[in-house]
file structure_28.tsv (TSV, C-alpha atoms)
chain	number	residue	atom	x	y	z
H	1	MET	CA	0.00	0.00	0.00
H	2	ASP	CA	1.52	3.41	-0.97
H	3	GLN	CA	1.64	6.47	1.27
H	4	ASP	CA	-1.40	8.17	-0.30
H	5	ASP	CA	-3.59	5.13	0.35
H	6	SER	CA	-2.42	4.94	3.96
H	7	GLU	CA	-3.19	8.59	4.54
H	8	GLY	CA	-6.64	8.21	2.95
H	9	GLU	CA	-7.45	5.22	5.14
H	10	ALA	CA	-6.36	7.11	8.24
H	11	ILE	CA	-8.62	10.03	7.35
H	12	LEU	CA	-11.63	7.73	6.85
H	13	LYS	CA	-11.02	6.01	10.18
H	14	ASN	CA	-10.92	9.36	12.00
H	15	GLN	CA	-14.06	10.71	10.38
H	16	SER	CA	-17.38	10.29	12.21
H	17	VAL	CA	-20.56	9.36	10.38
H	18	GLY	CA	-22.66	12.50	10.05
H	19	GLY	CA	-26.43	12.85	10.08
H	20	TRP	CA	-26.68	12.43	6.31
H	21	GLY	CA	-24.57	9.29	6.48
H	22	LEU	CA	-26.76	7.82	9.20
H	23	LEU	CA	-29.84	8.67	7.15
H	24	GLN	CA	-28.39	6.83	4.15
H	25	ILE	CA	-27.58	3.77	6.27
H	26	ALA	CA	-31.10	3.76	7.74
H	27	GLY	CA	-32.60	4.11	4.27
H	28	CYS	CA	-30.60	1.18	2.91
H	29	THR	CA	-31.55	-0.95	5.90
H	30	GLY	CA	-35.21	-0.12	5.45
H	31	LEU	CA	-35.05	-0.87	1.75
H	32	THR	CA	-33.45	-4.24	2.44
H	33	ALA	CA	-36.15	-5.10	4.97
H	34	TYR	CA	-38.85	-4.13	2.49
H	35	VAL	CA	-37.31	-6.27	-0.25
H	36	VAL	CA	-37.29	-9.26	2.11
H	37	TRP	CA	-40.91	-8.61	3.09
H	38	ALA	CA	-42.17	-8.01	-0.46
H	39	GLY	CA	-40.28	-10.88	-2.02
H	40	ILE	CA	-40.42	-13.58	0.63
H	41	LEU	CA	-43.03	-12.89	3.30
H	42	MET	CA	-45.72	-10.83	1.57
H	43	PRO	CA	-46.74	-13.34	-1.15
H	44	GLY	CA	-48.37	-15.59	1.43
H	45	PHE	CA	-50.37	-12.72	2.93
H	46	ARG	CA	-51.90	-11.05	-0.12
H	47	ARG	CA	-55.27	-12.82	0.01
H	48	VAL	CA	-55.38	-13.51	3.75
H	49	PRO	CA	-57.49	-11.30	6.07
H	50	LEU	CA	-55.41	-9.29	8.51
H	51	ARG	CA	-56.56	-11.17	11.62
H	52	LEU	CA	-55.57	-14.50	10.03
H	53	GLN	CA	-52.09	-13.45	8.98
H	54	VAL	CA	-49.26	-15.22	10.78
H	55	PRO	CA	-45.71	-13.84	10.39
H	56	TYR	CA	-43.02	-16.35	9.55
H	57	ILE	CA	-40.98	-17.17	12.65
H	58	PRO	CA	-38.88	-20.34	12.29
H	59	ALA	CA	-39.34	-22.95	14.99
H	60	SER	CA	-36.27	-23.37	17.16
H	61	ARG	CA	-34.52	-26.70	17.53
H	62	LYS	CA	-35.95	-27.00	21.04
H	63	GLN	CA	-39.48	-26.29	19.82
H	64	VAL	CA	-39.20	-28.97	17.16
H	65	GLN	CA	-37.85	-31.40	19.75
H	66	ASN	CA	-40.75	-30.69	22.14
H	67	VAL	CA	-43.34	-31.26	19.41
H	68	MET	CA	-41.75	-34.58	18.49
H	69	THR	CA	-41.60	-35.58	22.15
H	70	LEU	CA	-45.36	-35.17	22.46
H	71	LEU	CA	-45.88	-37.26	19.31
H	72	GLU	CA	-43.51	-40.01	20.44
H	73	GLY	CA	-44.96	-43.47	19.76
H	74	ARG	CA	-47.39	-42.16	17.18
H	75	SER	CA	-47.44	-43.03	13.48
H	76	GLY	CA	-49.49	-42.50	10.34
H	77	LYS	CA	-50.23	-39.30	8.50
H	78	MET	CA	-48.86	-36.06	9.91
H	79	VAL	CA	-49.71	-32.58	8.67
H	80	ASP	CA	-48.32	-29.20	9.67
H	81	LEU	CA	-50.73	-26.31	9.07
H	82	GLY	CA	-48.73	-23.23	8.14
H	83	SER	CA	-45.51	-25.21	7.72
H	84	GLY	CA	-43.13	-22.27	7.15
H	85	ASP	CA	-39.69	-23.53	6.17
H	86	GLY	CA	-40.79	-27.15	6.61
H	87	ARG	CA	-38.60	-28.18	9.53
H	88	ILE	CA	-41.46	-29.78	11.53
H	89	VAL	CA	-42.55	-31.88	8.55
H	90	LEU	CA	-38.98	-32.90	7.78
H	91	GLU	CA	-38.30	-34.01	11.35
H	92	ALA	CA	-41.60	-35.91	11.46
H	93	SER	CA	-40.64	-37.80	8.30
H	94	LYS	CA	-37.27	-38.67	9.82
H	95	ARG	CA	-39.14	-40.17	12.78
H	96	GLY	CA	-41.31	-42.41	10.63
H	97	PHE	CA	-44.47	-40.41	10.03
H	98	HIS	CA	-45.87	-41.13	6.58
H	99	PRO	CA	-47.10	-39.28	4.72
H	100	ALA	CA	-45.67	-36.08	6.22
H	101	VAL	CA	-47.27	-33.03	4.62
H	102	GLY	CA	-46.87	-29.30	5.12
H	103	TYR	CA	-49.45	-26.71	4.01
H	104	GLU	CA	-48.12	-23.23	3.36
H	105	LEU	CA	-49.33	-20.26	1.29
H	106	ASN	CA	-45.95	-18.60	0.77
H	107	PRO	CA	-44.26	-20.00	-2.37
H	108	TRP	CA	-40.81	-18.87	-1.25
H	109	LEU	CA	-41.12	-20.79	2.01
H	110	ILE	CA	-42.27	-23.86	0.09
H	111	ARG	CA	-39.14	-23.66	-2.06
H	112	LEU	CA	-37.03	-23.26	1.07
H	113	SER	CA	-38.75	-26.31	2.59
H	114	GLN	CA	-38.03	-28.35	-0.50
H	115	PHE	CA	-34.39	-27.27	-0.43
H	116	HIS	CA	-34.02	-28.37	3.20
H	117	ALA	CA	-35.66	-31.71	2.38
H	118	TRP	CA	-33.41	-32.20	-0.65
H	119	ARG	CA	-30.29	-31.42	1.37
H	120	ALA	CA	-31.37	-33.94	4.01
H	121	GLY	CA	-32.14	-36.61	1.40
H	122	TYR	CA	-35.88	-36.60	2.15
H	123	LEU	CA	-37.29	-34.73	-0.84
H	124	ASP	CA	-39.16	-37.82	-2.07
H	125	LYS	CA	-40.51	-38.59	1.42
H	126	VAL	CA	-42.18	-35.27	2.31
H	127	SER	CA	-44.75	-33.05	0.60
H	128	TYR	CA	-45.17	-29.29	0.78
H	129	MET	CA	-48.44	-28.01	-0.63
H	130	LYS	CA	-49.38	-24.42	-1.50
H	131	GLN	CA	-52.85	-24.42	-0.02
H	132	ASP	CA	-54.90	-22.38	2.40
H	133	LEU	CA	-55.14	-24.31	5.67
H	134	TRP	CA	-58.89	-23.57	5.81
H	135	GLN	CA	-59.33	-25.58	2.61
H	136	VAL	CA	-57.36	-28.62	3.78
H	137	ASP	CA	-59.37	-31.81	4.31
H	138	LEU	CA	-58.35	-33.11	7.75
H	139	SER	CA	-60.62	-36.15	7.85
H	140	HIS	CA	-57.71	-38.57	7.34
H	141	CYS	CA	-55.09	-36.80	9.47
H	142	SER	CA	-54.04	-38.64	12.60
H	143	ASN	CA	-51.46	-36.09	13.72
H	144	VAL	CA	-51.66	-32.32	13.30
H	145	THR	CA	-49.15	-29.68	14.32
H	146	VAL	CA	-49.63	-25.92	14.33
H	147	PHE	CA	-47.43	-22.90	15.08
H	148	LEU	CA	-50.05	-20.19	14.65
H	149	ALA	CA	-51.18	-16.97	16.32
H	150	PRO	CA	-53.87	-17.09	19.04
H	151	SER	CA	-56.35	-15.23	16.81
H	152	VAL	CA	-56.07	-18.03	14.24
H	153	LEU	CA	-56.09	-20.86	16.79
H	154	SER	CA	-59.40	-19.72	18.26
H	155	LEU	CA	-61.02	-19.97	14.82
H	156	LEU	CA	-59.29	-23.23	13.96
H	157	GLU	CA	-60.77	-25.13	16.90
H	158	ALA	CA	-64.13	-25.70	15.21
H	159	LYS	CA	-62.58	-26.96	11.97
H	160	LEU	CA	-60.33	-29.44	13.77
H	161	LEU	CA	-63.12	-30.86	15.94
H	162	SER	CA	-65.51	-31.21	13.01
H	163	GLU	CA	-63.05	-32.88	10.62
H	164	LEU	CA	-60.40	-34.84	12.51
H	165	PRO	CA	-60.81	-38.58	13.12
H	166	GLU	CA	-61.52	-39.75	16.67
H	167	ASP	CA	-57.95	-40.92	17.32
H	168	ALA	CA	-56.28	-37.72	16.11
H	169	TRP	CA	-53.76	-35.80	18.19
H	170	ILE	CA	-53.09	-32.07	17.83
H	171	VAL	CA	-49.88	-30.39	18.95
H	172	ALA	CA	-49.64	-26.60	19.24
H	173	GLY	CA	-46.31	-24.85	19.52
H	174	ARG	CA	-45.54	-21.38	20.88
H	175	PHE	CA	-49.23	-20.64	21.70
H	176	PRO	CA	-51.97	-22.96	23.09
H	177	PHE	CA	-55.52	-23.25	21.81
H	178	PRO	CA	-57.41	-20.67	23.90
H	179	SER	CA	-60.52	-22.77	24.68
H	180	TRP	CA	-59.03	-26.24	24.98
H	181	LYS	CA	-57.57	-28.09	27.92
H	182	PRO	CA	-54.36	-29.91	26.93
H	183	CYS	CA	-53.61	-33.52	27.82
H	184	CYS	CA	-50.05	-32.54	28.66
H	185	THR	CA	-47.34	-30.01	27.88
H	186	VAL	CA	-43.59	-30.08	27.32
H	187	GLY	CA	-41.09	-27.26	27.65
H	188	GLU	CA	-41.12	-23.78	29.11
H	189	GLY	CA	-41.71	-20.27	27.77
H	190	VAL	CA	-41.66	-19.85	24.00
H	191	ASP	CA	-40.43	-23.44	23.62
H	192	ARG	CA	-43.54	-24.95	25.22
H	193	ALA	CA	-45.76	-27.31	23.22
H	194	TRP	CA	-49.31	-28.42	24.06
H	195	LEU	CA	-50.89	-31.80	23.23
H	196	TYR	CA	-54.62	-32.26	22.61
H	197	SER	CA	-56.70	-35.37	21.92
H	198	ALA	CA	-59.64	-35.03	19.51
H	199	LYS	CA	-61.54	-37.78	21.34
H	200	ARG	CA	-61.07	-36.19	24.74
H	201	LEU	CA	-61.99	-32.72	23.45
H	202	ARG	CA	-65.24	-34.03	21.98
H	203	GLN	CA	-66.10	-35.81	25.20
H	204	GLU	CA	-65.49	-32.63	27.19
H	205	ASN	CA	-67.55	-30.65	24.72
H	206	LYS	CA	-70.48	-33.06	25.07
H	207	SER	CA	-70.24	-32.94	28.87
H	208	GLN	CA	-70.25	-29.16	28.83
H	209	ILE	CA	-73.32	-29.06	26.58
H	210	ALA	CA	-75.10	-31.57	28.85
H	211	GLN	CA	-74.31	-29.50	31.95
H	212	GLU	CA	-75.57	-26.33	30.29
H	213	GLY	CA	-78.78	-28.14	29.33
H	214	THR	CA	-79.28	-29.34	32.92
H	215	ALA	CA	-78.70	-25.86	34.27
H	216	VAL	CA	-81.38	-24.43	32.00

call {"tool": "encode", "arguments": {"input": "structure_28.tsv", "output": "structure tokens"}}
result
Amino acid sequence: MDQDDSEGEAILKNQSVGGWGLLQIAGCTGLTAYVVWAGILMPGFRRVPLRLQVPYIPASRKQVQNVMTLLEGRSGKMVDLGSGDGRIVLEASKRGFHPAVGYELNPWLIRLSQFHAWRAGYLDKVSYMKQDLWQVDLSHCSNVTVFLAPSVLSLLEAKLLSELPEDAWIVAGRFPFPSWKPCCTVGEGVDRAWLYSAKRLRQENKSQIAQEGTAV
């Protein structure tokens, strides 16, 4: 490096970033965030009502582990509603669930899911479908997992109870179903997962209706 370059570098190091420089940095950061939102996250939200929108937050390794712990000993079909980057579905397939299917509206997240599955050697063993979870037929799903917002979970309760088979299990991660009593839980804080039995929920629902009828 010659003397002129050294002097120029020294000057740059001693200069502070002014207000205009900070404004430029903030503008670039904001633009980058918008590009990520518009290109990756927004496509899945365009036709979804605001109260049903769920931002993409990847499940942590501990969250995935807790979900699988609650499903230990289970088998058969497993579906993840709002599957994000597909890590729950991929781990379920690795543990013997078949078929393992993820339903996701965002096409970029579906591609990311497929990439993860390909890298793990499971691309031909999992399925990621671009479909609205409200349109999914759950009548043949023995195991269902969800990482959704409370506003969505409260609306999803009726669909699950009306469509799931009697032996179905439901596992919720990050947030519990607001009106349901879980069979058991695993983990603490944001890593907690809740297990629900369709059969038990229906029995409790019938008992509650009977009690209300008696009270009247």

call {"tool": "residues_near_point", "arguments": {"input": "structure_28.tsv", "point": "(-43.9, -26.9, 12.4)", "cutoff": "9 Å", "atoms": "all atoms listed in the file", "output": "JSON, numbers by chain"}}
result
{"H": [58, 59, 63, 64, 67, 79, 80, 81, 82, 83, 84, 85, 86, 87, 88, 89, 102, 145, 146, 147, 172, 173]}

call {"tool": "closest_residue", "arguments": {"input": "structure_28.tsv", "among": "H:Leu148, H:Pro107, H:Leu161, H:Ala168", "to": "Met78 in chain H", "atoms": "all atoms listed in the file"}}
result
H:Ala168

call {"tool": "closest_residue", "arguments": {"input": "structure_28.tsv", "among": "H:Ala198, H:Glu188, H:Ile209, H:Trp118", "to": "Lys159 in chain H", "atoms": "only C-alpha atoms"}}
result
H:Ala198

call {"tool": "atom_distance", "arguments": {"input": "structure_28.tsv", "atom1": "CA of Trp180 in chain H", "atom2": "CA of Glu157 in chain H"}}
result
8.3 Å

call {"tool": "closest_residue", "arguments": {"input": "structure_28.tsv", "among": "H:Asp132, H:Glu91, H:Asp137, H:Glu166", "to": "Leu201 in chain H", "atoms": "all atoms listed in the file"}}
result
H:Glu166

call {"tool": "residues_around", "arguments": {"input": "structure_28.tsv", "residues": "Pro178 in chain H", "least_positions_apart": "2", "cutoff": "10 Å", "atoms": "only C-alpha atoms", "output": "list in words"}}
result
Pro150, Ser151, Leu153, Ser154, Leu155, Glu157, Phe175, Pro176, Trp180 and Lys181 of chain H

call {"tool": "atom_distance", "arguments": {"input": "structure_28.tsv", "atom1": "CA of Lys62 in chain H", "atom2": "CA of Ala117 in chain H"}}
result
19.2 Å
